[in-house]
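The structure appears below as structure tokens.
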Amino acid sequence: MPSKVESWKDELYGVEIRDHLERFADEGWDAIPEDEHDAWFERFKWWGLYHQRKGQESYFMMRVGVPMGRLTPEQLRVVGEVAREYATGPVDNPEFGDAYADFTTRQSIQLHWIKVEDVPDIFEKLESVGLGTIQACGDSWRNIVGSPVAGRDADELLDVWPVVQELHDEFKGNDLYENLPRKWKVAVTGDTRGAGQGDINDLAFEPALKEVESEEGDSENGDGEGTTEEIAGFNVRVGGGLARKEPRFARDIDVFCRPENASEVAAGLSGLFRDYGDRDDRFSARMKFLVDEWGTEKVRETLQDEYVEYDLPTAGENLREQYDYNAGRADSPGDYVGVHDQHDGDNFVGLSVLVGRMAAEDVIALADLAESYGSEMIGVTQRQNLIVGDIADDDLDDFLDESLLDEYSPDPHPFLRGSIACTGTEYCSLSIVETKNRMVRYGRWLKENVSVPEGVEDFHIHLSGCTASCAQPQIADISLRGMKARKDGEPVEAFDVGLGGGLGENPEFADWVEMRVPADEIPGYVRNLLSTFEEQRDEGESFRDFVRDRDEEEMQALADPEETDYEDPYMHNTKMTWYPYADEDEMADSPAPTDGQGAPLSGDD
């Protein structure tokens with residue numbers, strides 16, 4: 001039997017949901033039938049809207065899709081203006097204020113406290129500058145990820161921006177692919193950094209070189225017969241993903257794809273998933289499980305026989321040995337933070353945005369600043385940071401001296417540079433623990449109290465509020481996964497701790513070595529762990545290599561959790577509050593649901 005969600009989608013899904021959104025916006029929150037909330041909230045995701053959690057009824061998170069994380073200053077400015085005008089909630093966040101934008105690990109932008117009444121106006125503002133929310137969530141093509149500086153980066157094999165634009169235009173709003181069994185995540189990588197993180201996506205186009213026969217008349221010797229040439233394109237991998245406790249790395253299906261064939265191959269593989277993916281059990285409705293069941297040979301055979309009209313070449317030579325993005329290599333920090341060369345002689349500057357959250361006024365200020373320096377591109381990275389492109393050599397020193405960069409530094413402390421956190425119990429119904437404010441406090445405490453081992457430029461700590469893995473905890477030096485525990489007889493927020501995850505040439509998932517550690521003992525654990533690392537490491541050894549050489553028992557013996565002078569204000573069950581930072585945080589204290597002006601609605605009707 002198809003799942004409940006599938007029955008809702010059979011009744012209504014795709015582009016036409018927008019008409020109903022606009023009707024509800026016109027009539028107000030109460031127009032959404034209470035007994036149909038689950039169905040409508042599931043459908044709204046297709047247009048980038050997630051209903052916020054219990055206690056925040058009538059408020060939504062809006063996700064703006066940004067293909068490959070690439071924005072113009074004008075587009076970023078509009079995002080900041082929308083955040084300032086429409087994303088202000090009833091209570092301030094003590095670390096971030098009353099209006100802000102979140103940059104995600106999939107290069108999208110999230111805004112909170114959105115009222116359904118405001119959705120049409122927000123859509124109009126976003127679409128006026130070429131942005132949108134279509135399929136930012138839901139069972140369809142999600143935001144395509146890759147390098148925002150494609151075509152600018154001096155460290156790339158080929159410019160994939162035209163490929164990403166073609167895929168975005170082809171598959172957003174395409175009714176053939178609007179209703180898939182579950183989400184469909186695509187990465188396109190053309191650089192030698194491996195910045196697309198293709199290994200954790202349903203479909204990955206990875207840079208590769210292939211020897212092919214030259215076309216007639218193409219070679220220098222005249223007729224081209226019997227000669228070959230090396231061309232740049234992609235090897236294709238499928239079935240990666242992190243969610244729940246079932247992580248998989250994408251697997252090679254032995255296909256080389258020219259850039260001009262990417263759309264056909266992508267259509268074929270997403271069509272294959274549409275037709276053969278599991279629609280009965282949503283837990284199993286991901287490409288990774290279909291690849292588990294079929295194997296890569298059957299995937300390739302079915303793709304060739306049923307979905308692609310040309311003969312698929314075998315895989316080419318990959319460039320994975322050069323990957324350094326989140327690879328834990330001692331010779332490279334593996335991210336975009338700092339100053340980097342562009343092809344054209346200008347520079348792009350990567351800015352550290354702690355836990356990916358920026359105040360609305362700062363978003364606008366950065367857009368204005370970038371534009372004043374002649375930048376035509378601002379990028380969102382998968383490490384929740386931002387890039388400002390096109391900074392001329394003559395302007396570089398002045399740009400780096402701008403006061404805004406004191407807060408969003410291109411040269412941050414290693415513990416701040418490597419910190420990632422998901423939304424957490426602040427807004428998310430799935431999360432078990434508070435995340436972003438806690439990760440900020442962790443980072444600051446570690447900076448002040450823990451020595452950074454020699455040669456370590458960044459140290460990746462990923463904090464995820466539950467097993468859904470939005471913060472990608474399995475691919476971090478230290479992985480934190482939200483749990484509950486008891487301490488001194490009282491229930492407290494806690495984390496499972498993993499070590500040694502990362503991508504690169506030989507990707508590895510973290511090994512979970514400590515379970516249900518109280519949240520206030522995590523900083524002490526990290527301090528003890530890094531002390532052991534400093535004492536026992538070989539000269540120049542990276543943390544990931546240090547961990548890789550140890551079995552599970554040895555990893556467990558590296559450090560113990562410990563209480564310190566770190567104080568955690570979120571040890572109580574924040575999931576059971578209406579908002580973790582409210583002075584009066586009991587569910588009964590919530591003003592929700594509210595009307596279009598934020599005034600509480602009466603429950604007497």
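Chain labels A, B, ... are given in the sequence in which chains occur in the structure tokens; within each chain residues are numbered consecutively from 1, and ligands are likewise numbered from 1 in the order shown.
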
Each residue of segment 372-483 of chain A lying at most 7 Å from segment 568-582 of chain A should get a row with its shortest atom-to-atom pair and the distance in Å to one decimal, counting only C-alpha atoms; could you produce that, ordered by chain and increasing number, as CSV?
```
residue,atom,partner,partner_atom,distance
A:Thr425,CA,A:Lys575,CA,5.5
A:Glu426,CA,A:Tyr579,CA,6.0
A:Ile432,CA,A:Lys575,CA,6.0
A:Val433,CA,A:Thr574,CA,6.4
A:Glu434,CA,A:Thr574,CA,6.4
```

Written selection (all heavy atoms) as a PDB file, in the first residue's frame:
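Produced file result-v9.pdb, reproduced below:
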```pdb
ATOM      1  N   THR A 425      16.266  22.476  18.119  1.00  0.00           N
ATOM      2  CA  THR A 425      14.936  22.605  18.711  1.00  0.00           C
ATOM      3  C   THR A 425      14.407  24.029  18.673  1.00  0.00           C
ATOM      4  O   THR A 425      13.253  24.265  19.042  1.00  0.00           O
ATOM      5  CB  THR A 425      14.938  22.116  20.170  1.00  0.00           C
ATOM      6  OG1 THR A 425      15.992  22.787  20.890  1.00  0.00           O
ATOM      7  CG2 THR A 425      15.139  20.617  20.247  1.00  0.00           C
ATOM      8  N   GLU A 426      15.214  24.975  18.245  1.00  0.00           N
ATOM      9  CA  GLU A 426      14.716  26.329  18.099  1.00  0.00           C
ATOM     10  C   GLU A 426      13.482  26.355  17.194  1.00  0.00           C
ATOM     11  O   GLU A 426      12.517  27.073  17.468  1.00  0.00           O
ATOM     12  CB  GLU A 426      15.806  27.234  17.543  1.00  0.00           C
ATOM     13  CG  GLU A 426      15.400  28.687  17.435  1.00  0.00           C
ATOM     14  CD  GLU A 426      16.540  29.587  16.994  1.00  0.00           C
ATOM     15  OE1 GLU A 426      17.591  29.071  16.553  1.00  0.00           O
ATOM     16  OE2 GLU A 426      16.370  30.819  17.072  1.00  0.00           O
ATOM     17  N   ILE A 432      16.164  16.917  18.746  1.00  0.00           N
ATOM     18  CA  ILE A 432      16.050  16.501  20.138  1.00  0.00           C
ATOM     19  C   ILE A 432      16.705  17.522  21.068  1.00  0.00           C
ATOM     20  O   ILE A 432      16.335  17.640  22.236  1.00  0.00           O
ATOM     21  CB  ILE A 432      16.710  15.112  20.333  1.00  0.00           C
ATOM     22  CG1 ILE A 432      16.026  14.069  19.435  1.00  0.00           C
ATOM     23  CG2 ILE A 432      16.658  14.662  21.780  1.00  0.00           C
ATOM     24  CD1 ILE A 432      16.729  12.733  19.425  1.00  0.00           C
ATOM     25  N   VAL A 433      17.679  18.293  20.560  1.00  0.00           N
ATOM     26  CA  VAL A 433      18.453  19.204  21.408  1.00  0.00           C
ATOM     27  C   VAL A 433      18.605  20.571  20.749  1.00  0.00           C
ATOM     28  O   VAL A 433      18.432  20.729  19.542  1.00  0.00           O
ATOM     29  CB  VAL A 433      19.864  18.632  21.704  1.00  0.00           C
ATOM     30  CG1 VAL A 433      19.775  17.280  22.394  1.00  0.00           C
ATOM     31  CG2 VAL A 433      20.688  18.530  20.428  1.00  0.00           C
ATOM     32  N   GLU A 434      18.962  21.564  21.551  1.00  0.00           N
ATOM     33  CA  GLU A 434      19.319  22.886  21.055  1.00  0.00           C
ATOM     34  C   GLU A 434      20.686  22.800  20.382  1.00  0.00           C
ATOM     35  O   GLU A 434      21.575  22.091  20.838  1.00  0.00           O
ATOM     36  CB  GLU A 434      19.354  23.877  22.226  1.00  0.00           C
ATOM     37  CG  GLU A 434      19.297  25.329  21.819  1.00  0.00           C
ATOM     38  CD  GLU A 434      20.618  25.883  21.334  1.00  0.00           C
ATOM     39  OE1 GLU A 434      21.685  25.359  21.720  1.00  0.00           O
ATOM     40  OE2 GLU A 434      20.593  26.850  20.568  1.00  0.00           O
TER      41      GLU A 434
END
```

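Using only C-alpha atoms, the protein and nucleic acid residues lying no more than 8 Å from Gly48 of chain A, apart from those fewer than 6 places from it along its own chain, are Met62, Arg63, Val64, Thr133, Ile134, Gln135, Ala136, Cys137 and Gly138 of chain A.
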
Using only C-alpha atoms, the residue out of A:Gln56, A:Gly65, A:Ile17, A:Tyr408 with shortest distance to Pro591 of chain A is A:Gln56

Residues of segment 444-522 of chain A that approach segment 382-402 of chain A to 10 Å or less, counting only C-alpha atoms: could you list each one with the shortest pair of atoms and its distance in Å to one decimal, rows by chain and increasing residue number, as CSV?
```
residue,atom,partner,partner_atom,distance
A:His460,CA,A:Arg383,CA,9.7
A:His462,CA,A:Arg383,CA,9.8
A:Ala471,CA,A:Arg383,CA,9.2
A:Gln472,CA,A:Arg383,CA,9.7
```

Writer output for current selection, N, CA, C and O atoms, as a tab-separated table (two decimals), in the first residue's frame:
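Generated file (part.tsv):
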```tsv
chain	number	residue	atom	x	y	z
A	460	HIS	N	37.08	20.35	12.43
A	460	HIS	CA	35.66	20.28	12.09
A	460	HIS	C	34.85	19.61	13.20
A	460	HIS	O	35.03	18.43	13.50
A	462	HIS	N	30.86	19.05	13.88
A	462	HIS	CA	29.52	19.16	13.31
A	462	HIS	C	28.51	18.73	14.37
A	462	HIS	O	28.56	17.60	14.87
A	471	ALA	N	23.31	18.56	9.73
A	471	ALA	CA	24.63	19.16	9.93
A	471	ALA	C	25.75	18.25	9.43
A	471	ALA	O	26.93	18.55	9.66
A	472	GLN	N	25.39	17.15	8.77
A	472	GLN	CA	26.37	16.22	8.18
A	472	GLN	C	27.40	15.76	9.22
A	472	GLN	O	28.61	15.80	9.00
```

For segment 553-565 of chain A, work out the shell of residues within 10 Å, counting only C-alpha atoms and skipping chain neighbours fewer than 6 positions away, then give it as a ChimeraX atom specification. /A:445,449,498-500,511-514,517-533,536,546-547

Now that the selection is made, can you save its residues with N, CA and C atoms as a PDB file, in the first residue's frame?
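Full text of selection-v6.pdb as output:
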```pdb
ATOM      1  N   TRP A 445      34.207  28.884  23.887  1.00  0.00           N
ATOM      2  CA  TRP A 445      34.902  28.301  25.039  1.00  0.00           C
ATOM      3  C   TRP A 445      36.167  27.578  24.586  1.00  0.00           C
ATOM      4  N   ASN A 449      40.049  28.257  25.799  1.00  0.00           N
ATOM      5  CA  ASN A 449      40.517  27.308  26.810  1.00  0.00           C
ATOM      6  C   ASN A 449      41.283  26.103  26.286  1.00  0.00           C
ATOM      7  N   GLY A 498      31.107  10.976  17.657  1.00  0.00           N
ATOM      8  CA  GLY A 498      31.823  10.200  16.657  1.00  0.00           C
ATOM      9  C   GLY A 498      33.151  10.856  16.320  1.00  0.00           C
ATOM     10  N   LEU A 499      34.079  10.083  15.791  1.00  0.00           N
ATOM     11  CA  LEU A 499      35.406  10.597  15.458  1.00  0.00           C
ATOM     12  C   LEU A 499      35.840  10.140  14.073  1.00  0.00           C
ATOM     13  N   GLY A 500      36.568  11.032  13.369  1.00  0.00           N
ATOM     14  CA  GLY A 500      37.337  10.636  12.199  1.00  0.00           C
ATOM     15  C   GLY A 500      36.611  10.594  10.883  1.00  0.00           C
ATOM     16  N   ASP A 511      33.316   7.064  13.339  1.00  0.00           N
ATOM     17  CA  ASP A 511      33.031   5.944  14.235  1.00  0.00           C
ATOM     18  C   ASP A 511      32.456   6.515  15.531  1.00  0.00           C
ATOM     19  N   TRP A 512      31.308   6.014  15.941  1.00  0.00           N
ATOM     20  CA  TRP A 512      30.650   6.513  17.153  1.00  0.00           C
ATOM     21  C   TRP A 512      31.271   5.826  18.361  1.00  0.00           C
ATOM     22  N   VAL A 513      31.921   6.625  19.203  1.00  0.00           N
ATOM     23  CA  VAL A 513      32.755   6.059  20.274  1.00  0.00           C
ATOM     24  C   VAL A 513      32.246   6.383  21.680  1.00  0.00           C
ATOM     25  N   GLU A 514      31.420   7.427  21.826  1.00  0.00           N
ATOM     26  CA  GLU A 514      30.845   7.768  23.124  1.00  0.00           C
ATOM     27  C   GLU A 514      29.349   7.993  22.935  1.00  0.00           C
ATOM     28  N   VAL A 517      26.571  11.549  25.966  1.00  0.00           N
ATOM     29  CA  VAL A 517      27.407  12.392  26.821  1.00  0.00           C
ATOM     30  C   VAL A 517      26.626  13.669  27.134  1.00  0.00           C
ATOM     31  N   PRO A 518      26.425  14.018  28.408  1.00  0.00           N
ATOM     32  CA  PRO A 518      25.724  15.276  28.724  1.00  0.00           C
ATOM     33  C   PRO A 518      26.364  16.458  28.009  1.00  0.00           C
ATOM     34  N   ALA A 519      25.530  17.364  27.535  1.00  0.00           N
ATOM     35  CA  ALA A 519      26.010  18.443  26.667  1.00  0.00           C
ATOM     36  C   ALA A 519      27.071  19.308  27.337  1.00  0.00           C
ATOM     37  N   ASP A 520      26.994  19.489  28.653  1.00  0.00           N
ATOM     38  CA  ASP A 520      27.971  20.345  29.317  1.00  0.00           C
ATOM     39  C   ASP A 520      29.313  19.671  29.538  1.00  0.00           C
ATOM     40  N   GLU A 521      29.427  18.376  29.187  1.00  0.00           N
ATOM     41  CA  GLU A 521      30.698  17.666  29.309  1.00  0.00           C
ATOM     42  C   GLU A 521      31.420  17.526  27.967  1.00  0.00           C
ATOM     43  N   ILE A 522      30.785  18.014  26.899  1.00  0.00           N
ATOM     44  CA  ILE A 522      31.402  17.919  25.572  1.00  0.00           C
ATOM     45  C   ILE A 522      32.661  18.782  25.454  1.00  0.00           C
ATOM     46  N   PRO A 523      32.671  20.051  25.882  1.00  0.00           N
ATOM     47  CA  PRO A 523      33.906  20.829  25.767  1.00  0.00           C
ATOM     48  C   PRO A 523      35.089  20.191  26.492  1.00  0.00           C
ATOM     49  N   GLY A 524      34.849  19.627  27.671  1.00  0.00           N
ATOM     50  CA  GLY A 524      35.920  18.942  28.383  1.00  0.00           C
ATOM     51  C   GLY A 524      36.412  17.726  27.627  1.00  0.00           C
ATOM     52  N   TYR A 525      35.495  17.004  26.997  1.00  0.00           N
ATOM     53  CA  TYR A 525      35.895  15.857  26.179  1.00  0.00           C
ATOM     54  C   TYR A 525      36.789  16.301  25.029  1.00  0.00           C
ATOM     55  N   VAL A 526      36.393  17.377  24.336  1.00  0.00           N
ATOM     56  CA  VAL A 526      37.195  17.858  23.213  1.00  0.00           C
ATOM     57  C   VAL A 526      38.575  18.291  23.690  1.00  0.00           C
ATOM     58  N   ARG A 527      38.647  18.978  24.812  1.00  0.00           N
ATOM     59  CA  ARG A 527      39.947  19.390  25.341  1.00  0.00           C
ATOM     60  C   ARG A 527      40.821  18.178  25.650  1.00  0.00           C
ATOM     61  N   ASN A 528      40.260  17.187  26.307  1.00  0.00           N
ATOM     62  CA  ASN A 528      41.033  15.989  26.636  1.00  0.00           C
ATOM     63  C   ASN A 528      41.467  15.243  25.386  1.00  0.00           C
ATOM     64  N   LEU A 529      40.576  15.181  24.406  1.00  0.00           N
ATOM     65  CA  LEU A 529      40.893  14.482  23.157  1.00  0.00           C
ATOM     66  C   LEU A 529      42.047  15.154  22.426  1.00  0.00           C
ATOM     67  N   LEU A 530      42.010  16.467  22.310  1.00  0.00           N
ATOM     68  CA  LEU A 530      43.064  17.164  21.584  1.00  0.00           C
ATOM     69  C   LEU A 530      44.381  17.160  22.344  1.00  0.00           C
ATOM     70  N   SER A 531      44.309  17.069  23.651  1.00  0.00           N
ATOM     71  CA  SER A 531      45.539  16.913  24.438  1.00  0.00           C
ATOM     72  C   SER A 531      46.199  15.571  24.129  1.00  0.00           C
ATOM     73  N   THR A 532      45.393  14.534  24.054  1.00  0.00           N
ATOM     74  CA  THR A 532      45.925  13.211  23.691  1.00  0.00           C
ATOM     75  C   THR A 532      46.480  13.223  22.274  1.00  0.00           C
ATOM     76  N   PHE A 533      45.757  13.842  21.365  1.00  0.00           N
ATOM     77  CA  PHE A 533      46.213  13.947  19.971  1.00  0.00           C
ATOM     78  C   PHE A 533      47.572  14.644  19.894  1.00  0.00           C
ATOM     79  N   GLN A 536      50.340  12.243  21.296  1.00  0.00           N
ATOM     80  CA  GLN A 536      50.596  10.947  20.680  1.00  0.00           C
ATOM     81  C   GLN A 536      50.760  10.981  19.167  1.00  0.00           C
ATOM     82  N   PHE A 546      45.280  10.218  12.414  1.00  0.00           N
ATOM     83  CA  PHE A 546      45.532   9.765  13.783  1.00  0.00           C
ATOM     84  C   PHE A 546      44.432   8.812  14.245  1.00  0.00           C
ATOM     85  N   VAL A 547      43.201   9.155  13.967  1.00  0.00           N
ATOM     86  CA  VAL A 547      42.081   8.322  14.377  1.00  0.00           C
ATOM     87  C   VAL A 547      42.005   7.052  13.545  1.00  0.00           C
TER      88      VAL A 547
END
```

Quick one: distance from atom CA of Gln165 of chain A to atom CA of Ser263 of chain A in Å, one decimal? 10.4 Å

Neighbour list for Pro507 of chain A as an MDAnalysis selection string, cut-off 12 Å, only C-alpha atoms, skip fewer than 4 positions in-chain: chainID A and resid 194 197:200 240 247:251 320:321 323:329 474:476 500:503 544:545 548

Listing only residues of segment 165-258 of chain A within 9 Å of segment 274-277 of chain A, what is the closest atom pair and its distance in Å (to one decimal) for each, using only C-alpha atoms, sorted by chain and residue number ascending, as a tab-separated table?
```
residue	atom	partner	partner_atom	distance
A:Tyr177	CA	A:Arg274	CA	7.3
A:Asn179	CA	A:Arg274	CA	7.5
A:Leu180	CA	A:Arg274	CA	4.9
A:Pro181	CA	A:Gly277	CA	5.9
A:Arg182	CA	A:Gly277	CA	8.4
```

Emit the selected residues as an mmCIF file, in the first residue's frame, including all heavy atoms.
```cif
data_model
loop_
_atom_site.group_PDB
_atom_site.id
_atom_site.type_symbol
_atom_site.label_atom_id
_atom_site.label_comp_id
_atom_site.auth_asym_id
_atom_site.auth_seq_id
_atom_site.Cartn_x
_atom_site.Cartn_y
_atom_site.Cartn_z
ATOM 1 N N TYR A 177 9.175 15.094 -13.263
ATOM 2 C CA TYR A 177 10.054 14.780 -12.140
ATOM 3 C C TYR A 177 9.642 15.528 -10.866
ATOM 4 O O TYR A 177 10.424 15.613 -9.924
ATOM 5 C CB TYR A 177 11.506 15.128 -12.495
ATOM 6 C CG TYR A 177 11.938 14.520 -13.806
ATOM 7 C CD1 TYR A 177 11.888 15.266 -14.985
ATOM 8 C CD2 TYR A 177 12.346 13.190 -13.886
ATOM 9 C CE1 TYR A 177 12.244 14.705 -16.203
ATOM 10 C CE2 TYR A 177 12.703 12.627 -15.100
ATOM 11 C CZ TYR A 177 12.651 13.387 -16.254
ATOM 12 O OH TYR A 177 13.010 12.819 -17.462
ATOM 13 N N ASN A 179 7.246 14.726 -8.747
ATOM 14 C CA ASN A 179 6.754 13.850 -7.683
ATOM 15 C C ASN A 179 7.580 12.574 -7.666
ATOM 16 O O ASN A 179 7.265 11.590 -8.330
ATOM 17 C CB ASN A 179 5.271 13.535 -7.895
ATOM 18 C CG ASN A 179 4.694 12.664 -6.792
ATOM 19 O OD1 ASN A 179 5.385 12.287 -5.845
ATOM 20 N ND2 ASN A 179 3.420 12.333 -6.917
ATOM 21 N N LEU A 180 8.668 12.589 -6.900
ATOM 22 C CA LEU A 180 9.534 11.429 -6.747
ATOM 23 C C LEU A 180 9.201 10.719 -5.437
ATOM 24 O O LEU A 180 8.492 11.262 -4.591
ATOM 25 C CB LEU A 180 10.996 11.872 -6.771
ATOM 26 C CG LEU A 180 11.443 12.631 -8.034
ATOM 27 C CD1 LEU A 180 12.916 13.024 -7.923
ATOM 28 C CD2 LEU A 180 11.202 11.811 -9.291
ATOM 29 N N PRO A 181 9.695 9.493 -5.236
ATOM 30 C CA PRO A 181 9.398 8.793 -3.977
ATOM 31 C C PRO A 181 9.882 9.545 -2.733
ATOM 32 O O PRO A 181 9.254 9.491 -1.692
ATOM 33 C CB PRO A 181 10.122 7.457 -4.140
ATOM 34 C CG PRO A 181 10.186 7.237 -5.613
ATOM 35 C CD PRO A 181 10.384 8.616 -6.194
ATOM 36 N N ARG A 182 11.018 10.218 -2.837
ATOM 37 C CA ARG A 182 11.543 11.070 -1.757
ATOM 38 C C ARG A 182 12.410 12.138 -2.397
ATOM 39 O O ARG A 182 12.481 12.283 -3.610
ATOM 40 C CB ARG A 182 12.358 10.240 -0.755
ATOM 41 C CG ARG A 182 11.535 9.416 0.231
ATOM 42 C CD ARG A 182 10.744 10.255 1.224
ATOM 43 N NE ARG A 182 11.544 11.104 2.066
ATOM 44 C CZ ARG A 182 12.197 10.712 3.161
ATOM 45 N NH1 ARG A 182 12.143 9.440 3.545
ATOM 46 N NH2 ARG A 182 12.891 11.561 3.873
#
```

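Across A:Arg18, A:Arg152, A:Arg244, A:Arg444, the tightest approach to Pro473 of chain A is made by A:Arg244 when counting only C-alpha atoms.
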
Give me the residues near Arg486 of chain A as a PyMOL selection string, where near means some atom within 10 Å (using only C-alpha atoms) and where sequence neighbours in that chain fewer than 5 positions away do not count. chain A and resi 491-494+516-518

Please produce a file of those selected residues containing C-alpha atoms, as a CSV table (one decimal), in the first residue's frame.
```csv
chain,number,residue,atom,x,y,z
A,491,PRO,CA,17.0,14.3,32.3
A,492,VAL,CA,19.5,16.4,30.2
A,493,GLU,CA,20.3,17.1,26.6
A,494,ALA,CA,23.2,15.0,25.4
A,516,ARG,CA,24.8,10.0,25.4
A,517,VAL,CA,27.4,12.4,26.8
A,518,PRO,CA,25.7,15.3,28.7
```

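DSSP secondary structure from the backbone places Leu111, His112, Trp113, Ile114 and Lys115 of chain A of segment 111-181 of chain A in strand (DSSP E).
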
Export N, CA and C atoms of the chosen residues as a compact mmCIF listing (two decimals), in the first residue's frame?
```
# COMPACT_ATOMS: atom_id res chain seq x y z
N LEU A 111 14.81 31.13 6.17
CA LEU A 111 14.25 32.24 6.94
C LEU A 111 13.16 31.68 7.85
N HIS A 112 13.06 32.21 9.06
CA HIS A 112 12.12 31.68 10.05
C HIS A 112 11.04 32.69 10.40
N TRP A 113 10.04 32.21 11.14
CA TRP A 113 8.92 33.03 11.60
C TRP A 113 8.10 33.62 10.43
N ILE A 114 8.03 32.88 9.33
CA ILE A 114 7.27 33.35 8.17
C ILE A 114 5.78 33.06 8.37
N LYS A 115 4.94 34.05 8.09
CA LYS A 115 3.49 33.89 8.17
C LYS A 115 2.94 33.56 6.78
```

Using only C-alpha atoms, which residues sit within 9 Å of Phe459 of chain A once same-chain residues fewer than 3 positions away are excluded, as a ChimeraX atom specification? /A:328,333,414-419,452,456,476-478,543

Save the residues we just selected, N, CA and C atoms, as a short mmCIF file (atom, residue, chain, number, x, y, z; two decimals), in the first residue's frame?
```cif
data_model
loop_
_atom_site.label_atom_id
_atom_site.label_comp_id
_atom_site.auth_asym_id
_atom_site.auth_seq_id
_atom_site.Cartn_x
_atom_site.Cartn_y
_atom_site.Cartn_z
N GLY A 328 40.29 16.38 5.62
CA GLY A 328 41.12 16.16 6.79
C GLY A 328 42.59 16.05 6.48
N PRO A 333 43.60 23.09 4.42
CA PRO A 333 42.41 23.18 5.26
C PRO A 333 41.16 22.68 4.57
N PRO A 414 40.69 28.36 14.40
CA PRO A 414 40.34 27.02 13.89
C PRO A 414 39.05 26.44 14.44
N PHE A 415 38.74 26.67 15.71
CA PHE A 415 37.52 26.10 16.27
C PHE A 415 36.27 26.79 15.74
N LEU A 416 36.40 28.04 15.36
CA LEU A 416 35.26 28.76 14.79
C LEU A 416 35.12 28.45 13.31
N ARG A 417 36.24 28.28 12.64
CA ARG A 417 36.24 27.99 11.21
C ARG A 417 35.57 26.65 10.90
N GLY A 418 35.70 25.70 11.79
CA GLY A 418 35.22 24.34 11.48
C GLY A 418 33.90 23.97 12.08
N SER A 419 33.16 24.92 12.64
CA SER A 419 31.92 24.61 13.36
C SER A 419 30.70 24.67 12.46
N VAL A 452 45.36 24.75 20.29
CA VAL A 452 45.21 24.14 18.97
C VAL A 452 46.51 23.40 18.64
N VAL A 456 47.35 22.68 12.81
CA VAL A 456 45.91 22.51 12.58
C VAL A 456 45.29 23.86 12.28
N ALA A 476 32.79 14.58 9.89
CA ALA A 476 33.49 15.60 10.66
C ALA A 476 34.59 14.97 11.49
N ASP A 477 35.56 15.79 11.92
CA ASP A 477 36.57 15.30 12.86
C ASP A 477 35.91 14.83 14.14
N ILE A 478 35.03 15.68 14.68
CA ILE A 478 34.21 15.30 15.83
C ILE A 478 32.75 15.45 15.45
N PHE A 543 44.47 14.89 12.23
CA PHE A 543 43.62 14.23 13.19
C PHE A 543 42.92 13.02 12.58
#
```

Give me the residues within 6 Å of Asp202 of chain A as a PDB file with all heavy atoms, in the first residue's frame, counting only C-alpha atoms and dropping any in the same chain fewer than 2 places off.
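Once everything was written out, this is part19.pdb:
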```pdb
ATOM      1  N   LYS A 185      18.805  14.521  -4.321  1.00  0.00           N
ATOM      2  CA  LYS A 185      19.902  15.461  -4.105  1.00  0.00           C
ATOM      3  C   LYS A 185      21.000  15.229  -5.133  1.00  0.00           C
ATOM      4  O   LYS A 185      21.475  14.099  -5.298  1.00  0.00           O
ATOM      5  CB  LYS A 185      20.452  15.322  -2.692  1.00  0.00           C
ATOM      6  CG  LYS A 185      19.421  15.668  -1.620  1.00  0.00           C
ATOM      7  CD  LYS A 185      20.001  15.578  -0.215  1.00  0.00           C
ATOM      8  CE  LYS A 185      18.988  16.051   0.829  1.00  0.00           C
ATOM      9  NZ  LYS A 185      19.535  15.995   2.209  1.00  0.00           N
ATOM     10  N   VAL A 238      25.987   7.235  -7.774  1.00  0.00           N
ATOM     11  CA  VAL A 238      24.610   7.308  -7.293  1.00  0.00           C
ATOM     12  C   VAL A 238      24.499   6.679  -5.908  1.00  0.00           C
ATOM     13  O   VAL A 238      25.304   5.843  -5.515  1.00  0.00           O
ATOM     14  CB  VAL A 238      23.620   6.601  -8.248  1.00  0.00           C
ATOM     15  CG1 VAL A 238      23.598   7.270  -9.604  1.00  0.00           C
ATOM     16  CG2 VAL A 238      23.955   5.118  -8.393  1.00  0.00           C
ATOM     17  N   GLY A 239      23.454   7.109  -5.182  1.00  0.00           N
ATOM     18  CA  GLY A 239      23.068   6.411  -3.950  1.00  0.00           C
ATOM     19  C   GLY A 239      23.815   6.814  -2.705  1.00  0.00           C
ATOM     20  O   GLY A 239      23.947   5.996  -1.788  1.00  0.00           O
ATOM     21  N   GLY A 240      24.277   8.080  -2.623  1.00  0.00           N
ATOM     22  CA  GLY A 240      24.875   8.542  -1.385  1.00  0.00           C
ATOM     23  C   GLY A 240      23.847   9.222  -0.497  1.00  0.00           C
ATOM     24  O   GLY A 240      22.784   9.640  -0.956  1.00  0.00           O
ATOM     25  N   MET A 287      17.369   6.666  -2.947  1.00  0.00           N
ATOM     26  CA  MET A 287      18.149   5.999  -3.983  1.00  0.00           C
ATOM     27  C   MET A 287      19.195   5.061  -3.384  1.00  0.00           C
ATOM     28  O   MET A 287      19.513   4.023  -3.969  1.00  0.00           O
ATOM     29  CB  MET A 287      18.815   7.047  -4.873  1.00  0.00           C
ATOM     30  CG  MET A 287      19.527   6.476  -6.093  1.00  0.00           C
ATOM     31  SD  MET A 287      18.376   5.711  -7.254  1.00  0.00           S
ATOM     32  CE  MET A 287      19.510   5.184  -8.562  1.00  0.00           C
TER      33      MET A 287
END
```

Report as a PyMOL selection string: the residues of segment 188-370 of chain A with a DSSP assignment of alpha helix (DSSP H), based on the backbone of this structure. chain A and resi 262-276+287-294+296-302+360-370
